[in-house]
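> Here it is, the structure, as structure tokens.
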Number of protein chains: 2
Amino acid sequence: MARLPVYHRVLLDLQAGGQSTVSSEQLAELAGVNAAKVRKDLSHFGSYGTRGVGYEVDQLLADLRRELGLTHDWNCILVGAGNLGSALAKFAGFSERGFAVVAVVDVDRSKVGTHLGALTVSHDEEIGRLVADHGIAIGIIAVPPAAAQEVADRLVAAGVTSILNFAPTVLDVPDEVKVRDVDLAVELQILAFHEGRREPRRTG
Amino acid sequence: MARLPVYHRVLLDLQAGGQSTVSSEQLAELAGVNAAKVRKDLSHFGSYGTRGVGYEVDQLLADLRRELGLTHDWNCILVGAGNLGSALAKFAGFSERGFAVVAVVDVDRSKVGTHLGALTVSHDEEIGRLVADHGIAIGIIAVPPAAAQEVADRLVAAGVTSILNFAPTVLDVPDEVKVRDVDLAVELQILAFHEGRREPRRTG
DNA sequence: GGGGCTTTGTGAATCCGTGAACAAGGGCGG
DNA sequence: CCGCCCTTGTTCACGGATTCACAAAGCCCC
Ligand SMILES: NC(=O)c1ccc[n+]([C@@H]2O[C@H](COP(=O)([O-])OP(=O)(O)OC[C@H]3O[C@@H](n4cnc5c(N)ncnc54)[C@H](O)[C@@H]3O)[C@@H](O)[C@H]2O)c1
Ligand SMILES: NC(=O)c1ccc[n+]([C@@H]2O[C@H](COP(=O)([O-])OP(=O)(O)OC[C@H]3O[C@@H](n4cnc5c(N)ncnc54)[C@H](O)[C@@H]3O)[C@@H](O)[C@H]2O)c1
């Protein structure tokens with residue numbers, strides 16, 4: 001389910017706000033979904049809500065963390081230290097959510113050795129060693145589309161089993177490797193699609 | 001349908017490669033979906049495939065462009081010139097797909113007047129004027145979560161009717177405004193979820 | 001010009017996610 | 001200790017998306 005992470009995020013906010021229990025209705029409101037859906041989702045992994053009261057925030061967070069595999073931090077490797085890669089590497093928000101970018105590589109030798117936040121860019125060929133040394137399971141691809149498949153092959157060869165792909169390319173990987181694509185142009189096109197249905201022909 | 005933009009992208013590649021016709025099977029392969037799905041999707045807006053041959057790439061691209069509202073470019077306004085905002089503003093790939101970031105604003109006065117690629121950062125308060133002047137329908141939010149709702153309100157007040165939101169927050173907007181959320185931590189958590197199911201407890 | 005091959009378009013069966021509605025259950029006040 | 005009220009957990013029905021499978025249909029070669 002793609003909604004569990006959203007619940008997790010909302011619950012973190014509630015916990016930070018000092019709230020100890022939450023009803024499915026409130027959680028639904030904050031997560032922008034239906035209340036029945038929330039209850040069904042939570043019951044799918046043995047929820048422990050109290051009828052008449054709701055769910056205990058701490059307990060629910062612990063369950064969600066377990067379910068999402070966030071009981072420990074996940075180390076990630078970032079490939080491509082360009083525009084997007086730099087922004088990702090410098091971003092602090094991932095660590096709060098259980099993820100740590102522990103390595104950045106680039107094929108461009110002029111970038112190797114430069115710093116991005118606390119990280120130092122390594123060379124492309126080090127992927128294998130870095131993945132092994134840090135026990136990395138997740139790779140992030142932020143290279144031009146033409147290089148994405150090659151990078152994916154190397155990540156898979158190095159032992160990475162999950163890939164977050166920002167390049168607008170469909171990657172060909174073994175079945176056991178999970179890929180999620182983030183194509184921002186696709187997101188914009190979906191918005192434009194609805195925009196076009198709104199009123200046939202308005203300005204840009 | 002969220003697949004239409006992917007077909008569009010694949011067809012652009014095929015066209016660039018000089019291919020004049022494409023079968024539903026090939027298109028499905030390249031887009032990573034089922035062939036029947038492709039045919040059904042395309043038939044939904046009056047497709048003109050030739051039995052025994054396939055679809056004409058140019059014709060299909062033109063139909064898709066019309067369907068996706070890409071007959072003209074869409075002007076976008078970017079709010080937040082931080083890590084992520086800078087990367088987005090400098091990124092050239094959007095224009096090839098029918099989108100143009102024509103304005104960047106930030107609340108931080110020290111950033112106003114600085115350049116990001118060909119763009120100059122304007123101040124927050126100019127949102128209304130910029131949206132009106134450029135006929136902007138799409139806003140992109142790249143500010144910290146705490147400021148996202150306020151920015152969304154301003155965009156809506158200015159007349160923006162579609163929002164691409166990078167902040168990890170559920171935005172409250174009028175029904176007629178379309179929002180798409182891109183939360184990278186959520187994407188990573190979904191990967192971690194599958195990773196956790198793979199083998200209960202392995203390293204990072 | 002006709003037959004065969006290839007590929008489309010679609011009908012039907014199926015599966016999955018969604019949402020409404022309701023009975024079971026627990027706290028809480030009397 | 002009892003009954004009321006609130007919220008959960010679950011059942012059910014439904015709509016939409018997905019996939020299979022096949023008949024119609026165009027092209028090409030003989
Ligand atoms: N920048 C954005 O805002 C943005 C937005 C949407 C999508 N994207 C996508 O993200 C990807 C990266 O975009 P960008 O703007 O950062 O591009 P960029 O050109 O700024 O950076 C790409 C980096 O990848 C490196 N690289 C190239 N081949 C490599 C290889 N084989 N191994 C390792 N590193 C390699 C290059 O040296 C460069 O540093 C692109 O596919 C782009 O389409 C970017
Ligand atoms: N950087 C990333 O790689 C990344 C990754 C995932 C998500 N995000 C999300 O994207 C958003 C931006 O991230 P970032 O790293 O660019 O942050 P950042 O702090 O680098 O930049 C935020 C910018 O927004 C500006 N800003 C703040 N309030 C504003 C307002 N009311 N109006 C206009 N501008 C305002 C700030 O001045 C700053 O320049 C955050 O919500 C973050 O969670 C970023």
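In the structure tokens, chains take letters A, B, ... by order of appearance, with residues numbered from 1 within each chain and ligands from 1 in the order shown.
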Please return, as a ChimeraX atom specification, all residues of chain C lying within 8 Å of chain A when only C-alpha atoms (C1' of nucleotides) are considered.

/C:18-19,25-27

> Using C-alpha atoms (C1' of nucleotides), can you write the selected residues to a file as a tab-separated table (two decimals), in the first residue's frame?


```tsv
chain	number	residue	atom	x	y	z
C	18	DT	C1'	-13.34	1.69	-2.81
C	19	DG	C1'	-16.96	3.30	0.05
C	25	DG	C1'	-17.15	-3.96	21.67
C	26	DG	C1'	-15.18	-0.99	25.13
C	27	DG	C1'	-15.10	3.21	28.03
```

> I'd like a table as a tab-separated table: residues in chain D with an atom no more than 9 Å from chain B, each row giving the shortest atom pair and its distance in Å to one decimal, only C-alpha atoms (C1' of nucleotides) counted, sorted by chain and rising residue number.


```
residue	atom	partner	partner_atom	distance
D:DT18	C1'	B:Lys37	CA	7.5
D:DT19	C1'	B:Ala36	CA	7.4
D:DA25	C1'	B:Arg51	CA	6.1
D:DG26	C1'	B:Arg51	CA	5.3
D:DC27	C1'	B:Gly52	CA	6.6
```

> Chain A vs chain B: Cα RMSD after least-squares superposition over all Cα in order?

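Answer to one decimal place: 0.1 Å.
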
> Taking only C-alpha atoms into account, report as a PyMOL selection string which residues of chain A lie within 8 Å of chain B.

chain A and resi 1-2+5-6+30-32+67-70+72-76+83-84+86-88+90-91+94+97+99+134-138+161-164+168+170+178-180+185-196+203-204

> Can I get the selection written as a compact mmCIF listing (two decimals), in the first residue's frame, with N, CA and C atoms?


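Listing of part.txt after writing:
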```txt
# COMPACT_ATOMS: atom_id res chain seq x y z
N MET A 1 0.82 -1.21 0.00
CA MET A 1 0.00 0.00 0.00
C MET A 1 0.86 1.27 0.00
N ALA A 2 0.47 2.19 -0.86
CA ALA A 2 1.22 3.45 -0.95
C ALA A 2 0.75 4.46 0.09
N PRO A 5 3.02 5.00 4.14
CA PRO A 5 3.99 6.07 4.44
C PRO A 5 3.34 7.40 4.77
N VAL A 6 2.20 7.68 4.18
CA VAL A 6 1.52 8.94 4.48
C VAL A 6 0.98 8.91 5.90
N LEU A 30 -6.47 14.05 7.94
CA LEU A 30 -5.12 14.57 7.79
C LEU A 30 -4.37 13.93 6.62
N ALA A 31 -4.72 12.70 6.32
CA ALA A 31 -4.02 12.02 5.24
C ALA A 31 -4.72 12.23 3.90
N GLY A 32 -5.89 12.85 3.95
CA GLY A 32 -6.61 13.12 2.71
C GLY A 32 -7.24 11.90 2.09
N GLU A 67 6.09 -2.47 10.07
CA GLU A 67 5.49 -2.89 8.79
C GLU A 67 6.27 -2.31 7.60
N LEU A 68 6.71 -1.07 7.74
CA LEU A 68 7.40 -0.40 6.65
C LEU A 68 8.89 -0.73 6.62
N GLY A 69 9.33 -1.53 7.56
CA GLY A 69 10.75 -1.86 7.56
C GLY A 69 11.61 -0.70 8.00
N LEU A 70 11.07 0.15 8.89
CA LEU A 70 11.83 1.32 9.33
C LEU A 70 12.39 1.14 10.74
N HIS A 72 15.16 0.04 11.33
CA HIS A 72 16.55 0.53 11.27
C HIS A 72 16.65 1.45 10.07
N ASP A 73 17.69 2.27 10.00
CA ASP A 73 17.88 3.15 8.85
C ASP A 73 18.30 2.35 7.62
N TRP A 74 17.92 2.87 6.47
CA TRP A 74 18.32 2.25 5.21
C TRP A 74 19.41 3.10 4.57
N ASN A 75 20.50 2.45 4.21
CA ASN A 75 21.55 3.17 3.50
C ASN A 75 21.26 3.19 2.00
N CYS A 76 21.49 4.33 1.39
CA CYS A 76 21.23 4.48 -0.04
C CYS A 76 22.48 5.00 -0.74
N ASN A 83 22.47 18.47 -11.31
CA ASN A 83 21.48 19.37 -10.70
C ASN A 83 20.68 18.66 -9.63
N LEU A 84 20.00 17.63 -10.07
CA LEU A 84 19.08 16.94 -9.18
C LEU A 84 19.83 16.18 -8.09
N SER A 86 22.65 16.75 -6.72
CA SER A 86 23.16 17.64 -5.68
C SER A 86 22.07 18.00 -4.69
N ALA A 87 20.90 18.33 -5.23
CA ALA A 87 19.79 18.70 -4.34
C ALA A 87 19.44 17.54 -3.41
N LEU A 88 19.42 16.34 -3.96
CA LEU A 88 19.07 15.18 -3.16
C LEU A 88 20.12 14.93 -2.08
N LYS A 90 22.15 16.99 -0.68
CA LYS A 90 22.20 18.01 0.36
C LYS A 90 20.95 18.03 1.22
N PHE A 91 19.93 17.32 0.78
CA PHE A 91 18.65 17.36 1.48
C PHE A 91 18.72 16.60 2.80
N PHE A 94 15.53 13.34 4.41
CA PHE A 94 15.41 11.90 4.31
C PHE A 94 15.75 11.19 5.62
N ARG A 97 13.21 10.41 8.09
CA ARG A 97 12.22 9.40 7.70
C ARG A 97 12.84 8.03 7.56
N PHE A 99 16.01 7.20 6.18
CA PHE A 99 16.90 6.91 5.05
C PHE A 99 18.15 7.77 5.12
N HIS A 134 28.94 -0.63 2.74
CA HIS A 134 27.87 -0.02 3.54
C HIS A 134 26.63 -0.89 3.64
N GLY A 135 26.65 -2.04 3.01
CA GLY A 135 25.45 -2.88 3.05
C GLY A 135 24.25 -2.17 2.46
N ILE A 136 24.43 -1.63 1.26
CA ILE A 136 23.40 -0.81 0.64
C ILE A 136 22.42 -1.67 -0.16
N ALA A 137 21.14 -1.42 0.03
CA ALA A 137 20.12 -2.16 -0.72
C ALA A 137 19.37 -1.27 -1.71
N ILE A 138 19.48 0.05 -1.51
CA ILE A 138 18.68 0.99 -2.31
C ILE A 138 19.59 1.92 -3.11
N THR A 161 18.97 -4.00 -4.62
CA THR A 161 17.72 -4.70 -4.95
C THR A 161 16.51 -3.77 -5.04
N SER A 162 16.71 -2.49 -4.80
CA SER A 162 15.63 -1.51 -4.99
C SER A 162 16.22 -0.26 -5.63
N ILE A 163 15.50 0.29 -6.59
CA ILE A 163 16.00 1.46 -7.32
C ILE A 163 14.93 2.53 -7.41
N LEU A 164 15.34 3.76 -7.07
CA LEU A 164 14.48 4.91 -7.29
C LEU A 164 15.04 5.65 -8.50
N PRO A 168 13.82 9.65 -17.14
CA PRO A 168 12.62 9.27 -17.89
C PRO A 168 12.88 8.11 -18.83
N VAL A 170 12.27 3.59 -19.07
CA VAL A 170 11.81 2.35 -18.46
C VAL A 170 13.01 1.44 -18.33
N LYS A 178 13.16 -4.25 -7.42
CA LYS A 178 12.01 -3.34 -7.47
C LYS A 178 12.46 -1.96 -7.95
N VAL A 179 11.72 -1.41 -8.88
CA VAL A 179 12.03 -0.08 -9.40
C VAL A 179 10.82 0.83 -9.19
N ARG A 180 11.07 2.03 -8.75
CA ARG A 180 10.03 3.06 -8.75
C ARG A 180 10.52 4.24 -9.57
N ALA A 185 8.07 15.25 -15.47
CA ALA A 185 7.35 15.70 -16.65
C ALA A 185 6.02 14.95 -16.78
N VAL A 186 6.01 13.69 -16.41
CA VAL A 186 4.76 12.94 -16.43
C VAL A 186 3.75 13.55 -15.47
N GLU A 187 4.22 13.93 -14.28
CA GLU A 187 3.32 14.56 -13.32
C GLU A 187 2.71 15.83 -13.90
N LEU A 188 3.56 16.63 -14.54
CA LEU A 188 3.06 17.87 -15.12
C LEU A 188 2.08 17.59 -16.26
N GLN A 189 2.35 16.56 -17.02
CA GLN A 189 1.45 16.24 -18.13
C GLN A 189 0.10 15.78 -17.63
N ILE A 190 0.09 15.09 -16.50
CA ILE A 190 -1.20 14.66 -15.95
C ILE A 190 -2.00 15.89 -15.51
N LEU A 191 -1.30 16.85 -14.91
CA LEU A 191 -1.98 18.10 -14.55
C LEU A 191 -2.50 18.81 -15.79
N ALA A 192 -1.67 18.86 -16.82
CA ALA A 192 -2.08 19.55 -18.06
C ALA A 192 -3.27 18.86 -18.70
N PHE A 193 -3.31 17.55 -18.58
CA PHE A 193 -4.42 16.79 -19.12
C PHE A 193 -5.74 17.26 -18.51
N HIS A 194 -5.77 17.35 -17.18
CA HIS A 194 -6.98 17.82 -16.51
C HIS A 194 -7.25 19.28 -16.84
N GLU A 195 -6.17 20.03 -16.93
CA GLU A 195 -6.28 21.45 -17.26
C GLU A 195 -6.94 21.62 -18.63
N GLY A 196 -6.56 20.77 -19.56
CA GLY A 196 -7.13 20.84 -20.90
C GLY A 196 -8.60 20.48 -20.93
N THR A 203 -4.97 30.31 -21.95
CA THR A 203 -3.54 30.58 -22.06
C THR A 203 -2.74 29.66 -21.15
N GLY A 204 -1.44 29.60 -21.43
CA GLY A 204 -0.53 28.68 -20.83
C GLY A 204 -0.43 28.67 -19.36
```

> Using DSSP on the backbone, list every residue of stretch 25-144 of chain A that comes out as alpha helix (DSSP H), and give them as a compact mmCIF listing (two decimals) with N, CA and C atoms, in the first residue's frame.


```
# COMPACT_ATOMS: atom_id res chain seq x y z
N GLU A 25 -11.10 8.67 11.80
CA GLU A 25 -11.65 9.81 11.07
C GLU A 25 -10.63 10.96 11.00
N GLN A 26 -10.01 11.25 12.14
CA GLN A 26 -9.03 12.33 12.14
C GLN A 26 -7.83 11.99 11.25
N LEU A 27 -7.39 10.73 11.38
CA LEU A 27 -6.25 10.30 10.56
C LEU A 27 -6.60 10.41 9.08
N ALA A 28 -7.82 10.02 8.74
CA ALA A 28 -8.25 10.09 7.36
C ALA A 28 -8.25 11.53 6.87
N GLU A 29 -8.77 12.41 7.69
CA GLU A 29 -8.80 13.84 7.34
C GLU A 29 -7.40 14.35 7.03
N LEU A 30 -6.47 14.05 7.94
CA LEU A 30 -5.12 14.57 7.79
C LEU A 30 -4.37 13.93 6.62
N ALA A 31 -4.72 12.70 6.32
CA ALA A 31 -4.02 12.02 5.24
C ALA A 31 -4.72 12.23 3.90
N ALA A 35 -12.18 7.45 5.73
CA ALA A 35 -11.99 6.86 7.06
C ALA A 35 -12.06 5.33 7.03
N ALA A 36 -12.97 4.80 6.24
CA ALA A 36 -13.09 3.35 6.14
C ALA A 36 -11.81 2.75 5.59
N LYS A 37 -11.23 3.47 4.64
CA LYS A 37 -9.99 3.00 4.04
C LYS A 37 -8.89 2.93 5.09
N VAL A 38 -8.81 3.93 5.94
CA VAL A 38 -7.81 3.93 7.00
C VAL A 38 -7.98 2.70 7.88
N ARG A 39 -9.19 2.46 8.33
CA ARG A 39 -9.42 1.32 9.23
C ARG A 39 -9.07 0.02 8.54
N LYS A 40 -9.45 -0.10 7.27
CA LYS A 40 -9.14 -1.33 6.55
C LYS A 40 -7.62 -1.50 6.40
N ASP A 41 -6.95 -0.44 6.07
CA ASP A 41 -5.50 -0.51 5.93
C ASP A 41 -4.85 -0.97 7.23
N LEU A 42 -5.25 -0.34 8.32
CA LEU A 42 -4.62 -0.64 9.60
C LEU A 42 -4.95 -2.05 10.07
N SER A 43 -6.17 -2.50 9.78
CA SER A 43 -6.55 -3.84 10.24
C SER A 43 -5.77 -4.91 9.48
N VAL A 57 -1.32 6.57 19.42
CA VAL A 57 -0.38 7.08 18.44
C VAL A 57 0.96 6.36 18.51
N ASP A 58 1.50 6.22 19.71
CA ASP A 58 2.81 5.58 19.85
C ASP A 58 2.79 4.14 19.35
N GLN A 59 1.77 3.41 19.78
CA GLN A 59 1.65 2.02 19.38
C GLN A 59 1.53 1.90 17.86
N LEU A 60 0.69 2.75 17.29
CA LEU A 60 0.43 2.69 15.86
C LEU A 60 1.71 3.04 15.08
N LEU A 61 2.43 4.01 15.57
CA LEU A 61 3.69 4.38 14.92
C LEU A 61 4.68 3.22 14.95
N ALA A 62 4.75 2.55 16.08
CA ALA A 62 5.67 1.42 16.20
C ALA A 62 5.27 0.33 15.21
N ASP A 63 3.97 0.04 15.14
CA ASP A 63 3.50 -0.98 14.20
C ASP A 63 3.82 -0.59 12.76
N LEU A 64 3.58 0.69 12.45
CA LEU A 64 3.84 1.14 11.08
C LEU A 64 5.32 1.04 10.75
N ARG A 65 6.15 1.42 11.70
CA ARG A 65 7.58 1.34 11.48
C ARG A 65 8.00 -0.10 11.19
N ARG A 66 7.48 -1.00 12.00
CA ARG A 66 7.79 -2.40 11.77
C ARG A 66 7.32 -2.83 10.39
N GLU A 67 6.09 -2.47 10.07
CA GLU A 67 5.49 -2.89 8.79
C GLU A 67 6.27 -2.31 7.60
N LEU A 68 6.71 -1.07 7.74
CA LEU A 68 7.40 -0.40 6.65
C LEU A 68 8.89 -0.73 6.62
N ASN A 83 22.47 18.47 -11.31
CA ASN A 83 21.48 19.37 -10.70
C ASN A 83 20.68 18.66 -9.63
N LEU A 84 20.00 17.63 -10.07
CA LEU A 84 19.08 16.94 -9.18
C LEU A 84 19.83 16.18 -8.09
N GLY A 85 20.88 15.47 -8.50
CA GLY A 85 21.64 14.70 -7.53
C GLY A 85 22.18 15.56 -6.40
N SER A 86 22.65 16.75 -6.72
CA SER A 86 23.16 17.64 -5.68
C SER A 86 22.07 18.00 -4.69
N ALA A 87 20.90 18.33 -5.23
CA ALA A 87 19.79 18.70 -4.34
C ALA A 87 19.44 17.54 -3.41
N LEU A 88 19.42 16.34 -3.96
CA LEU A 88 19.07 15.18 -3.16
C LEU A 88 20.12 14.93 -2.08
N ALA A 89 21.39 15.05 -2.48
CA ALA A 89 22.47 14.75 -1.54
C ALA A 89 22.49 15.74 -0.38
N LYS A 90 22.15 16.99 -0.68
CA LYS A 90 22.20 18.01 0.36
C LYS A 90 20.95 18.03 1.22
N ILE A 127 31.20 1.79 -7.26
CA ILE A 127 29.85 1.37 -6.85
C ILE A 127 29.88 0.03 -6.11
N GLY A 128 30.56 -0.94 -6.72
CA GLY A 128 30.58 -2.27 -6.12
C GLY A 128 31.11 -2.24 -4.69
N ARG A 129 32.25 -1.59 -4.51
CA ARG A 129 32.86 -1.56 -3.19
C ARG A 129 31.95 -0.83 -2.19
N LEU A 130 31.42 0.32 -2.60
CA LEU A 130 30.59 1.11 -1.70
C LEU A 130 29.34 0.35 -1.26
N VAL A 131 28.72 -0.31 -2.21
CA VAL A 131 27.50 -1.06 -1.88
C VAL A 131 27.82 -2.15 -0.87
N ALA A 132 28.93 -2.85 -1.13
CA ALA A 132 29.31 -3.93 -0.22
C ALA A 132 29.69 -3.38 1.15
N ASP A 133 30.53 -2.34 1.17
CA ASP A 133 31.02 -1.81 2.44
C ASP A 133 29.89 -1.30 3.33
N HIS A 134 28.94 -0.63 2.74
CA HIS A 134 27.87 -0.02 3.54
C HIS A 134 26.63 -0.89 3.64
```

> For the structure I just gave you, how does DSSP split stretch 3-110 of chain A - specifically, which residues are strand (DSSP E or B)? Reply as a PyMOL selection string.

chain A and resi 21-22+50+54-56+74-79+99-106

> Go ahead and dump the residues you just picked, N, CA, C and O atoms, as an mmCIF file, in the first residue's frame.


```cif
data_model
loop_
_atom_site.group_PDB
_atom_site.id
_atom_site.type_symbol
_atom_site.label_atom_id
_atom_site.label_comp_id
_atom_site.auth_asym_id
_atom_site.auth_seq_id
_atom_site.Cartn_x
_atom_site.Cartn_y
_atom_site.Cartn_z
ATOM 1 N N THR A 21 -3.806 9.782 21.324
ATOM 2 C CA THR A 21 -4.667 8.869 20.567
ATOM 3 C C THR A 21 -5.218 9.590 19.340
ATOM 4 O O THR A 21 -5.288 10.811 19.300
ATOM 5 N N VAL A 22 -5.626 8.787 18.352
ATOM 6 C CA VAL A 22 -6.161 9.361 17.123
ATOM 7 C C VAL A 22 -7.278 8.457 16.602
ATOM 8 O O VAL A 22 -7.173 7.232 16.662
ATOM 9 N N THR A 50 -8.850 0.907 19.931
ATOM 10 C CA THR A 50 -9.817 0.695 21.001
ATOM 11 C C THR A 50 -11.142 1.309 20.585
ATOM 12 O O THR A 50 -11.206 2.500 20.303
ATOM 13 N N GLY A 54 -10.182 5.067 19.771
ATOM 14 C CA GLY A 54 -9.322 5.281 18.611
ATOM 15 C C GLY A 54 -8.047 4.470 18.733
ATOM 16 O O GLY A 54 -8.019 3.450 19.424
ATOM 17 N N TYR A 55 -7.004 4.930 18.077
ATOM 18 C CA TYR A 55 -5.715 4.238 18.106
ATOM 19 C C TYR A 55 -4.734 5.015 18.964
ATOM 20 O O TYR A 55 -4.750 6.241 18.999
ATOM 21 N N GLU A 56 -3.863 4.262 19.616
ATOM 22 C CA GLU A 56 -2.821 4.936 20.382
ATOM 23 C C GLU A 56 -1.695 5.316 19.423
ATOM 24 O O GLU A 56 -1.170 4.462 18.694
ATOM 25 N N TRP A 74 17.922 2.867 6.469
ATOM 26 C CA TRP A 74 18.325 2.250 5.209
ATOM 27 C C TRP A 74 19.406 3.102 4.566
ATOM 28 O O TRP A 74 19.231 4.307 4.375
ATOM 29 N N ASN A 75 20.501 2.453 4.209
ATOM 30 C CA ASN A 75 21.553 3.173 3.503
ATOM 31 C C ASN A 75 21.262 3.190 2.005
ATOM 32 O O ASN A 75 20.848 2.178 1.435
ATOM 33 N N CYS A 76 21.493 4.330 1.391
ATOM 34 C CA CYS A 76 21.231 4.483 -0.038
ATOM 35 C C CYS A 76 22.476 4.997 -0.743
ATOM 36 O O CYS A 76 23.272 5.727 -0.155
ATOM 37 N N ILE A 77 22.599 4.635 -2.035
ATOM 38 C CA ILE A 77 23.667 5.195 -2.855
ATOM 39 C C ILE A 77 23.042 6.026 -3.955
ATOM 40 O O ILE A 77 22.053 5.625 -4.570
ATOM 41 N N LEU A 78 23.603 7.200 -4.172
ATOM 42 C CA LEU A 78 23.091 8.127 -5.180
ATOM 43 C C LEU A 78 24.040 8.146 -6.363
ATOM 44 O O LEU A 78 25.244 8.365 -6.195
ATOM 45 N N VAL A 79 23.520 7.925 -7.555
ATOM 46 C CA VAL A 79 24.349 7.936 -8.761
ATOM 47 C C VAL A 79 23.996 9.157 -9.601
ATOM 48 O O VAL A 79 22.851 9.297 -10.043
ATOM 49 N N PHE A 99 16.010 7.197 6.178
ATOM 50 C CA PHE A 99 16.895 6.912 5.054
ATOM 51 C C PHE A 99 18.151 7.769 5.117
ATOM 52 O O PHE A 99 18.099 8.922 5.509
ATOM 53 N N ALA A 100 19.273 7.183 4.714
ATOM 54 C CA ALA A 100 20.525 7.919 4.728
ATOM 55 C C ALA A 100 21.249 7.706 3.410
ATOM 56 O O ALA A 100 21.512 6.567 3.024
ATOM 57 N N VAL A 101 21.523 8.792 2.722
ATOM 58 C CA VAL A 101 22.374 8.695 1.532
ATOM 59 C C VAL A 101 23.807 8.657 2.032
ATOM 60 O O VAL A 101 24.303 9.641 2.579
ATOM 61 N N VAL A 102 24.455 7.504 1.886
ATOM 62 C CA VAL A 102 25.797 7.342 2.455
ATOM 63 C C VAL A 102 26.882 7.368 1.392
ATOM 64 O O VAL A 102 28.065 7.329 1.716
ATOM 65 N N ALA A 103 26.488 7.426 0.113
ATOM 66 C CA ALA A 103 27.491 7.445 -0.944
ATOM 67 C C ALA A 103 26.932 8.137 -2.175
ATOM 68 O O ALA A 103 25.760 7.991 -2.493
ATOM 69 N N VAL A 104 27.788 8.924 -2.828
ATOM 70 C CA VAL A 104 27.429 9.578 -4.083
ATOM 71 C C VAL A 104 28.521 9.280 -5.093
ATOM 72 O O VAL A 104 29.706 9.419 -4.783
ATOM 73 N N VAL A 105 28.133 8.856 -6.281
ATOM 74 C CA VAL A 105 29.131 8.601 -7.323
ATOM 75 C C VAL A 105 28.751 9.346 -8.591
ATOM 76 O O VAL A 105 27.586 9.662 -8.823
ATOM 77 N N ASP A 106 29.767 9.618 -9.415
ATOM 78 C CA ASP A 106 29.548 10.269 -10.699
ATOM 79 C C ASP A 106 30.645 9.812 -11.642
ATOM 80 O O ASP A 106 31.752 9.484 -11.212
#
```

> So, with only C-alpha atoms and all ligand atoms as the atoms that count, which of A:Gly80, A:Ala118, A:Arg109, A:Ala157 lies closest to ligand 1?

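Closest to ligand 1 of all the choices is A:Gly80.
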
> Identify which of the residues D:DC20, D:DC1, D:DC6, D:DA13 lies closest to C:DG11, counting only C-alpha atoms (C1' of nucleotides) when measuring atom-to-atom distances.

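Ranking D:DC20, D:DC1, D:DC6, D:DA13 by distance to C:DG11, first place goes to D:DC20.
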